[in-house]
$ cat entry_28.txt   # compact mmCIF, C-alpha atoms
# COMPACT_ATOMS: atom_id res chain seq x y z
CA GLU A 1046 69.40 76.05 91.20
CA CYS A 1047 71.78 78.95 91.79
CA ASP A 1048 73.46 78.18 88.46
CA LEU A 1049 70.44 79.67 86.69
CA ILE A 1050 70.49 82.91 88.69
CA LYS A 1051 72.75 85.47 86.99
CA PRO A 1052 73.88 89.05 87.77
CA TYR A 1053 71.74 91.52 85.84
CA TYR A 1054 72.90 95.01 84.88
CA THR A 1055 71.04 98.11 83.69
CA THR A 1056 71.87 101.68 82.65
CA GLU A 1057 72.39 102.39 86.36
CA GLN A 1058 75.64 100.36 86.29
CA ILE A 1059 76.75 100.63 82.65
CA GLU A 1060 78.65 103.84 81.93
CA ARG A 1061 81.06 105.09 79.31
CA TYR A 1062 84.16 102.90 79.41
CA ARG A 1063 83.21 100.71 82.36
CA VAL A 1064 80.55 98.64 84.09
CA ASN A 1065 80.09 99.07 87.82
CA PRO A 1066 80.40 95.44 89.02
CA HIS A 1067 78.06 95.96 91.99
CA ASN A 1068 74.75 94.84 90.52
CA ILE A 1069 71.55 95.08 92.55
CA LEU A 1070 69.36 92.90 90.32
CA TRP A 1071 69.45 89.23 89.31
CA THR A 1072 67.82 87.31 86.49
CA ILE A 1073 66.79 83.69 85.96
CA TYR A 1074 68.59 82.86 82.72
CA THR A 1075 66.81 80.12 80.79
CA ASP A 1076 66.81 79.50 77.04
CA SER A 1077 64.63 77.51 74.61
CA SER A 1078 65.67 74.24 76.27
CA TYR A 1079 63.25 75.18 79.08
CA LYS A 1080 60.09 74.99 76.94
CA SER A 1081 58.99 71.73 78.50
CA ILE A 1082 56.70 71.82 81.53
CA TYR A 1083 59.04 69.25 83.07
CA SER A 1084 62.30 71.17 82.45
CA LEU A 1085 62.47 72.61 85.96
CA ASP A 1086 61.32 69.56 87.90
CA ASN A 1087 64.75 69.28 89.48
CA MET A 1088 64.69 72.97 90.49
CA PRO A 1089 61.55 73.27 92.62
CA HIS A 1090 62.24 76.74 94.04
CA ILE A 1091 62.68 78.38 90.64
CA LYS A 1092 59.78 76.39 89.22
CA ASN A 1093 57.45 77.47 92.04
CA HIS A 1094 58.54 81.07 91.62
CA LEU A 1095 57.89 81.13 87.85
CA ASP A 1096 54.64 79.23 88.14
CA GLN A 1097 53.18 82.25 89.95
CA PHE A 1098 53.46 84.25 86.73
CA GLN A 1099 52.32 81.74 84.11
CA GLN A 1100 49.24 83.79 83.21
CA ILE A 1101 51.36 86.81 82.24
CA ILE A 1102 54.44 85.10 80.74
CA THR A 1103 54.32 85.70 76.97
CA SER A 1104 57.69 84.21 75.96
CA ASP A 1105 57.79 82.03 72.84
CA ASN A 1106 59.76 79.63 75.04
CA LYS A 1107 57.20 79.43 77.85
CA PRO A 1108 56.56 78.09 80.36
CA TYR A 1109 60.13 78.63 81.63
CA GLY A 1110 62.40 79.84 78.81
CA LEU A 1111 63.27 83.48 78.15
CA HIS A 1112 61.95 85.05 74.97
CA ARG A 1113 64.74 85.26 72.36
CA ALA A 1114 67.49 84.44 74.84
CA ARG A 1115 70.93 85.41 73.56
CA GLU A 1116 73.81 82.98 73.46
CA GLU A 1117 75.33 82.93 76.91
CA ARG A 1118 78.85 83.54 75.59
CA PHE A 1119 77.89 87.18 74.98
CA PHE A 1120 77.26 87.67 78.68
CA VAL A 1121 80.14 85.63 80.07
CA LYS A 1122 83.12 86.41 77.86
CA GLU A 1123 85.02 89.69 77.42
CA LYS A 1124 82.88 92.22 75.57
CA ILE A 1125 82.03 95.81 74.81
CA ILE A 1126 78.50 96.81 75.79
CA ALA A 1127 76.82 99.51 73.70
CA LEU A 1128 73.76 101.37 74.93
CA ARG A 1129 71.41 101.23 71.92
CA LYS A 1130 69.79 104.59 72.67
CA SER A 1131 72.63 106.81 73.84
CA VAL A 1132 71.75 110.35 74.92
CA GLY A 1133 74.23 113.13 74.18
CA ARG A 1134 77.23 110.93 73.41
CA PRO A 1135 77.66 107.29 72.36
CA LYS A 1136 78.18 105.00 75.34
CA PHE A 1137 80.47 101.96 75.04
CA ALA A 1138 81.63 100.04 78.14
CA PHE A 1139 84.36 97.42 78.38
CA CYS A 1140 83.44 94.42 80.54
CA ASN A 1141 85.48 91.32 81.40
CA PHE A 1142 83.18 89.64 83.92
CA PRO A 1143 79.77 87.91 83.69
CA CYS A 1144 77.25 90.63 82.89
CA TYR A 1145 73.69 89.83 81.81
CA VAL A 1146 71.74 92.62 80.12
CA SER A 1147 68.51 93.20 78.23
CA GLN A 1148 67.95 94.09 74.56
CA THR A 1149 68.52 97.70 75.63
CA PHE A 1150 72.16 96.95 74.89
CA ASN A 1151 74.16 95.52 72.01
CA MET A 1152 77.31 93.53 72.70
CA ILE A 1153 80.50 93.49 70.66
CA GLN A 1154 83.02 90.66 70.73
CA THR A 1155 86.03 90.26 68.44
CA ASN A 1156 89.53 88.78 68.36
CA ARG A 1157 90.69 90.99 65.48
CA VAL A 1158 91.70 93.96 67.64
CA ASP A 1159 92.43 94.64 71.30
CA MET A 1160 89.04 95.07 72.97
CA LYS A 1161 90.17 97.93 75.21
CA TYR A 1162 91.67 99.71 72.21
CA LEU A 1163 88.31 99.27 70.49
CA THR A 1164 86.54 100.69 73.56
CA GLY A 1165 88.71 103.82 73.36
CA LEU A 1166 88.13 104.13 69.62
CA LEU A 1167 84.35 103.77 69.84
CA ASN A 1168 84.12 106.36 72.65
CA SER A 1169 86.31 108.85 70.76
CA LYS A 1170 85.22 112.22 69.39
CA LEU A 1171 86.06 111.12 65.85
CA ILE A 1172 83.75 108.08 65.95
CA GLU A 1173 81.08 110.20 67.64
CA PHE A 1174 81.35 112.58 64.66
CA TRP A 1175 81.07 109.65 62.23
CA LEU A 1176 78.04 108.20 64.02
CA ARG A 1177 76.29 111.56 64.10
CA ASN A 1178 76.77 112.08 60.37
CA LYS A 1179 76.87 108.53 58.95
CA GLY A 1180 75.16 106.45 61.62
CA LYS A 1181 71.58 106.39 62.85
CA MET A 1182 70.14 109.21 64.95
CA GLN A 1183 66.81 109.74 66.68
CA GLY A 1184 66.76 113.48 67.15
CA SER A 1185 69.92 114.21 69.11
CA ASN A 1186 70.19 110.63 70.44
CA PHE A 1187 72.49 107.99 68.98
CA GLN A 1188 70.81 104.76 67.85
CA LEU A 1189 73.58 102.18 68.25
CA ASP A 1190 71.96 99.29 66.40
CA LYS A 1191 73.76 96.47 64.63
CA GLU A 1192 73.75 98.11 61.20
CA PRO A 1193 75.43 101.43 62.07
CA LEU A 1194 77.84 99.68 64.43
CA SER A 1195 78.93 97.23 61.73
CA GLN A 1196 79.58 100.11 59.30
CA ILE A 1197 81.99 102.04 61.53
CA PRO A 1198 85.39 102.18 59.78
CA ILE A 1199 87.62 100.40 62.31
CA ALA A 1200 91.32 101.14 61.95
CA VAL A 1201 93.72 98.38 63.01
CA PRO A 1202 97.01 100.05 63.97
CA SER A 1203 100.14 98.30 65.21
CA GLN A 1204 99.92 96.19 68.34
CA GLU A 1205 102.06 98.76 70.16
CA ILE A 1206 99.58 101.55 69.45
CA GLN A 1207 96.62 99.34 70.39
CA GLU A 1208 98.28 98.50 73.70
CA LEU A 1209 99.05 102.15 74.41
CA ILE A 1210 95.41 103.18 73.90
CA ALA A 1211 94.29 100.13 75.90
CA LYS A 1212 96.40 101.40 78.83
CA LEU A 1213 94.74 104.80 78.60
CA VAL A 1214 91.37 103.05 78.76
CA ASP A 1215 92.61 101.15 81.84
CA TYR A 1216 93.40 104.48 83.52
CA ILE A 1217 89.91 105.82 82.82
CA ILE A 1218 88.29 102.65 84.18
CA LEU A 1219 90.49 102.77 87.27
CA ILE A 1220 89.71 106.43 87.98
CA ASN A 1221 85.98 105.85 87.54
CA ASN A 1222 86.18 102.91 89.95
CA VAL A 1223 87.46 105.24 92.68
CA SER A 1224 84.42 106.96 94.14
CA ASN A 1225 85.58 108.01 97.59
CA LYS A 1226 89.16 109.16 97.08
CA ARG A 1227 90.67 112.11 95.26
CA ILE A 1228 93.63 110.90 93.21
CA ASN A 1229 95.32 114.27 92.62
CA LYS A 1230 95.19 117.08 95.15
CA PHE A 1231 95.02 119.81 92.50
CA VAL A 1232 92.43 118.44 90.05
CA SER A 1233 89.29 116.34 90.39
CA ASN A 1234 88.96 112.73 89.28
CA ASP A 1235 86.50 113.89 86.62
CA TYR A 1236 89.15 116.22 85.22
CA LEU A 1237 91.66 113.34 85.08
CA VAL A 1238 89.15 111.27 83.12
CA LYS A 1239 88.58 114.11 80.65
CA MET A 1240 92.33 114.53 80.25
CA PHE A 1241 92.87 110.85 79.43
CA GLU A 1242 89.88 110.95 77.07
CA LYS A 1243 91.46 113.92 75.29
CA ILE A 1244 94.71 111.97 74.92
CA ILE A 1245 92.76 109.03 73.45
CA ASP A 1246 91.05 111.44 71.05
CA GLY A 1247 94.47 112.72 70.01
CA CYS A 1248 95.69 109.17 69.43
CA ILE A 1249 92.65 108.37 67.28
CA TYR A 1250 93.19 111.57 65.26
CA GLU A 1251 96.77 110.50 64.65
CA ILE A 1252 95.61 107.08 63.41
CA TYR A 1253 92.99 108.47 61.02
CA LEU A 1254 94.23 112.01 60.33
CA GLY A 1255 97.95 111.62 60.88
CA LYS A 1256 99.06 113.77 57.94
CA GLU A 1257 97.05 116.73 59.18
CA LEU A 1258 98.50 116.41 62.68
CA GLN A 1259 102.00 116.24 61.20
CA ARG A 1260 101.28 119.38 59.16
CA ILE A 1261 100.50 121.34 62.33
CA ASP A 1262 103.42 119.69 64.19
CA ILE A 1263 101.46 117.67 66.76
CA HIS A 1264 102.82 114.20 67.55
CA VAL A 1265 100.74 112.48 70.21
CA PHE A 1266 102.25 108.99 70.19
CA ASN A 1267 105.86 110.17 70.25
CA THR A 1268 105.03 112.55 73.09
CA ILE A 1269 103.32 110.09 75.42
CA ARG A 1270 104.72 106.67 74.42
CA ASN A 1271 107.64 106.57 76.87
CA LEU A 1272 105.61 108.20 79.65
CA ILE A 1273 102.86 105.58 79.43
CA ASP A 1274 105.38 102.73 79.36
CA ASN A 1275 107.04 103.99 82.55
CA TYR A 1276 103.94 103.55 84.70
CA ASN A 1277 102.13 100.46 85.90
CA ILE A 1278 98.71 101.40 87.19
CA ASP A 1279 96.78 99.21 89.61
CA ASP A 1280 94.42 99.57 92.53
CA ASP A 1281 97.29 99.75 95.02
CA ASN A 1282 99.20 102.44 93.13
CA LEU A 1283 96.74 105.26 92.53
CA ALA A 1284 99.51 107.81 93.08
CA SER A 1285 101.00 106.72 89.76
CA VAL A 1286 97.87 107.98 87.99
CA SER A 1287 98.49 111.41 89.47
CA GLU A 1288 102.18 111.27 88.58
CA LEU A 1289 101.39 110.22 85.01
CA TYR A 1290 98.90 113.07 84.64
CA GLU A 1291 101.50 115.57 85.84
CA SER A 1292 104.13 114.13 83.48
CA ILE A 1293 101.78 114.38 80.50
CA GLU A 1294 100.70 117.89 81.51
CA LYS A 1295 104.33 119.08 81.44
CA THR A 1296 104.76 118.03 77.79
CA GLY A 1297 102.23 120.62 76.61
CA ILE A 1298 100.36 118.05 74.49
CA ILE A 1299 97.07 118.69 76.30
CA GLN A 1300 97.27 122.40 75.52
CA LYS A 1301 97.96 121.62 71.86
CA LEU A 1302 95.01 119.23 71.64
CA ASP A 1303 92.81 121.89 73.28
CA LYS A 1304 93.58 124.22 70.35
CA LEU A 1305 93.19 121.79 67.45
CA GLU A 1306 90.18 123.62 66.06
CA TYR A 1307 92.29 126.80 65.84
CA TYR A 1308 95.38 125.13 64.37
CA SER A 1309 93.31 123.31 61.74
CA PRO A 1310 89.77 124.74 61.65
CA LYS A 1311 88.69 123.11 58.39
CA VAL A 1312 89.54 119.58 59.57
CA PHE A 1313 89.11 119.56 63.33
CA LYS A 1314 86.56 122.25 64.15
CA PRO A 1315 83.60 120.28 62.69
CA ILE A 1316 84.69 117.21 64.71
CA ILE A 1317 85.36 118.90 68.01
CA MET A 1318 82.41 121.33 67.88
CA ASN A 1319 80.09 118.57 66.63

$ encode --input "entry_28.txt" --output "structure tokens"
Amino acid sequence: ECDLIKPYYTTEQIERYRVNPHNILWTIYTDSSYKSIYSLDNMPHIKNHLDQFQQIITSDNKPYGLHRAREERFFVKEKIIALRKSVGRPKFAFCNFPCYVSQTFNMIQTNRVDMKYLTGLLNSKLIEFWLRNKGKMQGSNFQLDKEPLSQIPIAVPSQEIQELIAKLVDYIILINNVSNKRINKFVSNDYLVKMFEKIIDGCIYEIYLGKELQRIDIHVFNTIRNLIDNYNIDDDNLASVSELYESIEKTGIIQKLDKLEYYSPKVFKPIIMN
């Protein structure tokens, strides 16, 4: 019977970039194959539990099947989870473990690009700007439905660049997973996340707006490529995150990215001040 009981996640656990794996809710996951009144005869505990609610179950797959159950592969396999009604900024979370969610979320799966690269791209300032102006909005909230998501212009750079951005996403996920320990003694964990997000934004600008960055003499990939390759980040080596931050800070690339709207106001100011 336990095979039907799955970990259930809500907006409490699903954040930008990552899903907190510590769920507090569980769901009984049944599809249209559980329409028959006899389908749970070999699972008496679940059957007895659901029978208590037969008068209020409105599923098209009653008595025991979920209404419009999604294919289970979406929950089990590697995916990006998009919050359909995102407040303030679009919210896309990478997830590589079983994660069952409601229709509050859309799920993205592909083998055409690195999924962590895609997570960084979708959370970037440039795609936020595109969604605000070309996507679907409800007031100031982003409506991340299938149609606007499928229309996002997805760049497919070299595998090297995808892997570099994927590593930056790994750093953000790792930092956000650390709730009770300060990684760098001079700056907060939140600041480290914002710094890595800014680097990802710079990488995405270089992919889409490379000629403009060249014109103002900003070269993100060439600046950080060797630094990123020199560090292996894992749960037992949090000090490397701090060291990598300090190495990137010394290059001056963060300061340059902070001033993009001044170096190129016509191109970058509308994006950054969006």

$ closest_residue --input "entry_28.txt" --among "A:Ile1261, A:Val1121, A:Pro1202, A:Leu1166" --to "A:Pro1310" --atoms "all atoms listed in the file"
A:Ile1261

$ residues_around --input "entry_28.txt" --residues "stretch 1282-1290 of chain A" --least-positions-apart "4" --cutoff "9 Å" --atoms "only C-alpha atoms" --output "list in words"
Tyr1216, Leu1219, Ile1220, Ile1228, Asn1229, Lys1230, Leu1237, Met1240, Phe1241, Leu1272, Ile1273, Asn1275, Tyr1276, Asn1277, Ile1278, Glu1294 and Lys1295 of chain A

$ closest_residue --input "entry_28.txt" --among "A:Tyr1109, A:Trp1175, A:Tyr1236, A:Tyr1250" --to "A:Ile1217" --atoms "only C-alpha atoms"
A:Tyr1236

$ residues_around --input "entry_28.txt" --residues "A:Lys1051" --least-positions-apart "4" --cutoff "9 Å" --atoms "all atoms listed in the file" --output "VMD selection string"
chain A and resid 1047 1070 to 1074 1143 to 1145

$ closest_residue --input "entry_28.txt" --among "A:Tyr1053, A:Tyr1162, A:Phe1187, A:Phe1119" --to "A:Ala1200" --atoms "all atoms listed in the file"
A:Tyr1162

$ closest_residue --input "entry_28.txt" --among "A:Ile1197, A:Leu1258, A:Ile1317, A:Val1064" --to "A:Leu1167" --atoms "only C-alpha atoms"
A:Ile1197

$ atom_distance --input "entry_28.txt" --atom1 "atom CA of A:Ile1252" --atom2 "atom CA of A:Ser1233"
29.2 Å

$ decode --input "entry_28.txt" --residues "stretch 1166-1201 of chain A" --atoms "N, CA and C atoms" --output "PDB file, in the first residue's frame"
ATOM      1  N   LEU A1166      18.804  29.824 -17.102  1.00  0.00           N
ATOM      2  CA  LEU A1166      18.270  30.675 -18.161  1.00  0.00           C
ATOM      3  C   LEU A1166      16.873  31.187 -17.810  1.00  0.00           C
ATOM      4  N   LEU A1167      15.986  30.290 -17.394  1.00  0.00           N
ATOM      5  CA  LEU A1167      14.603  30.673 -17.121  1.00  0.00           C
ATOM      6  C   LEU A1167      14.481  31.622 -15.930  1.00  0.00           C
ATOM      7  N   ASN A1168      15.415  31.524 -14.975  1.00  0.00           N
ATOM      8  CA  ASN A1168      15.391  32.424 -13.811  1.00  0.00           C
ATOM      9  C   ASN A1168      16.127  33.738 -14.067  1.00  0.00           C
ATOM     10  N   SER A1169      16.682  33.912 -15.255  1.00  0.00           N
ATOM     11  CA  SER A1169      17.525  35.082 -15.524  1.00  0.00           C
ATOM     12  C   SER A1169      16.708  36.352 -15.701  1.00  0.00           C
ATOM     13  N   LYS A1170      17.399  37.500 -15.562  1.00  0.00           N
ATOM     14  CA  LYS A1170      16.751  38.797 -15.755  1.00  0.00           C
ATOM     15  C   LYS A1170      16.275  38.965 -17.196  1.00  0.00           C
ATOM     16  N   LEU A1171      17.035  38.429 -18.150  1.00  0.00           N
ATOM     17  CA  LEU A1171      16.654  38.599 -19.550  1.00  0.00           C
ATOM     18  C   LEU A1171      15.351  37.874 -19.865  1.00  0.00           C
ATOM     19  N   ILE A1172      15.190  36.648 -19.376  1.00  0.00           N
ATOM     20  CA  ILE A1172      13.938  35.914 -19.619  1.00  0.00           C
ATOM     21  C   ILE A1172      12.802  36.523 -18.806  1.00  0.00           C
ATOM     22  N   GLU A1173      13.102  37.048 -17.626  1.00  0.00           N
ATOM     23  CA  GLU A1173      12.067  37.776 -16.877  1.00  0.00           C
ATOM     24  C   GLU A1173      11.560  38.962 -17.704  1.00  0.00           C
ATOM     25  N   PHE A1174      12.478  39.693 -18.329  1.00  0.00           N
ATOM     26  CA  PHE A1174      12.105  40.823 -19.179  1.00  0.00           C
ATOM     27  C   PHE A1174      11.248  40.357 -20.346  1.00  0.00           C
ATOM     28  N   TRP A1175      11.634  39.234 -20.967  1.00  0.00           N
ATOM     29  CA  TRP A1175      10.856  38.700 -22.096  1.00  0.00           C
ATOM     30  C   TRP A1175       9.454  38.306 -21.636  1.00  0.00           C
ATOM     31  N   LEU A1176       9.363  37.610 -20.520  1.00  0.00           N
ATOM     32  CA  LEU A1176       8.060  37.157 -20.027  1.00  0.00           C
ATOM     33  C   LEU A1176       7.158  38.337 -19.669  1.00  0.00           C
ATOM     34  N   ARG A1177       7.747  39.379 -19.115  1.00  0.00           N
ATOM     35  CA  ARG A1177       6.943  40.538 -18.731  1.00  0.00           C
ATOM     36  C   ARG A1177       6.372  41.253 -19.961  1.00  0.00           C
ATOM     37  N   ASN A1178       7.120  41.241 -21.050  1.00  0.00           N
ATOM     38  CA  ASN A1178       6.722  41.986 -22.232  1.00  0.00           C
ATOM     39  C   ASN A1178       6.107  41.130 -23.334  1.00  0.00           C
ATOM     40  N   LYS A1179       6.441  39.831 -23.374  1.00  0.00           N
ATOM     41  CA  LYS A1179       5.943  38.957 -24.434  1.00  0.00           C
ATOM     42  C   LYS A1179       5.128  37.783 -23.904  1.00  0.00           C
ATOM     43  N   GLY A1180       5.210  37.560 -22.593  1.00  0.00           N
ATOM     44  CA  GLY A1180       4.495  36.434 -22.004  1.00  0.00           C
ATOM     45  C   GLY A1180       3.098  36.819 -21.558  1.00  0.00           C
ATOM     46  N   LYS A1181       2.645  36.199 -20.497  1.00  0.00           N
ATOM     47  CA  LYS A1181       1.284  36.426 -19.998  1.00  0.00           C
ATOM     48  C   LYS A1181       1.380  36.939 -18.567  1.00  0.00           C
ATOM     49  N   MET A1182       0.770  38.107 -18.329  1.00  0.00           N
ATOM     50  CA  MET A1182       0.798  38.716 -17.003  1.00  0.00           C
ATOM     51  C   MET A1182      -0.621  38.852 -16.461  1.00  0.00           C
ATOM     52  N   GLN A1183      -0.735  38.765 -15.155  1.00  0.00           N
ATOM     53  CA  GLN A1183      -1.974  39.113 -14.453  1.00  0.00           C
ATOM     54  C   GLN A1183      -1.617  40.217 -13.464  1.00  0.00           C
ATOM     55  N   GLY A1184      -1.802  41.467 -13.906  1.00  0.00           N
ATOM     56  CA  GLY A1184      -1.304  42.575 -13.110  1.00  0.00           C
ATOM     57  C   GLY A1184       0.214  42.552 -13.128  1.00  0.00           C
ATOM     58  N   SER A1185       0.803  42.476 -11.940  1.00  0.00           N
ATOM     59  CA  SER A1185       2.263  42.404 -11.850  1.00  0.00           C
ATOM     60  C   SER A1185       2.757  40.964 -11.654  1.00  0.00           C
ATOM     61  N   ASN A1186       1.852  39.998 -11.721  1.00  0.00           N
ATOM     62  CA  ASN A1186       2.211  38.593 -11.517  1.00  0.00           C
ATOM     63  C   ASN A1186       2.416  37.880 -12.852  1.00  0.00           C
ATOM     64  N   PHE A1187       3.387  36.986 -12.871  1.00  0.00           N
ATOM     65  CA  PHE A1187       3.691  36.216 -14.072  1.00  0.00           C
ATOM     66  C   PHE A1187       2.804  34.985 -14.134  1.00  0.00           C
ATOM     67  N   GLN A1188       2.148  34.780 -15.276  1.00  0.00           N
ATOM     68  CA  GLN A1188       1.305  33.610 -15.493  1.00  0.00           C
ATOM     69  C   GLN A1188       2.093  32.627 -16.352  1.00  0.00           C
ATOM     70  N   LEU A1189       2.728  31.650 -15.703  1.00  0.00           N
ATOM     71  CA  LEU A1189       3.633  30.733 -16.403  1.00  0.00           C
ATOM     72  C   LEU A1189       2.868  29.504 -16.879  1.00  0.00           C
ATOM     73  N   ASP A1190       1.971  29.721 -17.834  1.00  0.00           N
ATOM     74  CA  ASP A1190       1.205  28.633 -18.430  1.00  0.00           C
ATOM     75  C   ASP A1190       1.981  28.024 -19.598  1.00  0.00           C
ATOM     76  N   LYS A1191       1.428  26.957 -20.134  1.00  0.00           N
ATOM     77  CA  LYS A1191       2.110  26.222 -21.198  1.00  0.00           C
ATOM     78  C   LYS A1191       2.421  27.096 -22.403  1.00  0.00           C
ATOM     79  N   GLU A1192       1.472  27.921 -22.829  1.00  0.00           N
ATOM     80  CA  GLU A1192       1.670  28.711 -24.045  1.00  0.00           C
ATOM     81  C   GLU A1192       2.827  29.697 -23.935  1.00  0.00           C
ATOM     82  N   PRO A1193       2.864  30.575 -22.922  1.00  0.00           N
ATOM     83  CA  PRO A1193       4.016  31.483 -22.834  1.00  0.00           C
ATOM     84  C   PRO A1193       5.330  30.755 -22.601  1.00  0.00           C
ATOM     85  N   LEU A1194       5.304  29.662 -21.845  1.00  0.00           N
ATOM     86  CA  LEU A1194       6.542  28.910 -21.614  1.00  0.00           C
ATOM     87  C   LEU A1194       7.075  28.333 -22.916  1.00  0.00           C
ATOM     88  N   SER A1195       6.189  27.813 -23.755  1.00  0.00           N
ATOM     89  CA  SER A1195       6.626  27.182 -25.003  1.00  0.00           C
ATOM     90  C   SER A1195       7.125  28.199 -26.021  1.00  0.00           C
ATOM     91  N   GLN A1196       6.814  29.477 -25.826  1.00  0.00           N
ATOM     92  CA  GLN A1196       7.230  30.514 -26.762  1.00  0.00           C
ATOM     93  C   GLN A1196       8.531  31.203 -26.373  1.00  0.00           C
ATOM     94  N   ILE A1197       9.068  30.900 -25.195  1.00  0.00           N
ATOM     95  CA  ILE A1197      10.337  31.512 -24.782  1.00  0.00           C
ATOM     96  C   ILE A1197      11.429  31.118 -25.767  1.00  0.00           C
ATOM     97  N   PRO A1198      12.184  32.078 -26.291  1.00  0.00           N
ATOM     98  CA  PRO A1198      13.277  31.749 -27.216  1.00  0.00           C
ATOM     99  C   PRO A1198      14.467  31.142 -26.459  1.00  0.00           C
ATOM    100  N   ILE A1199      14.624  29.837 -26.555  1.00  0.00           N
ATOM    101  CA  ILE A1199      15.655  29.126 -25.796  1.00  0.00           C
ATOM    102  C   ILE A1199      16.931  29.003 -26.637  1.00  0.00           C
ATOM    103  N   ALA A1200      17.974  29.659 -26.186  1.00  0.00           N
ATOM    104  CA  ALA A1200      19.272  29.536 -26.854  1.00  0.00           C
ATOM    105  C   ALA A1200      19.942  28.238 -26.441  1.00  0.00           C
ATOM    106  N   VAL A1201      20.618  27.595 -27.384  1.00  0.00           N
ATOM    107  CA  VAL A1201      21.346  26.350 -27.094  1.00  0.00           C
ATOM    108  C   VAL A1201      22.826  26.594 -27.383  1.00  0.00           C
TER     109      VAL A1201
END
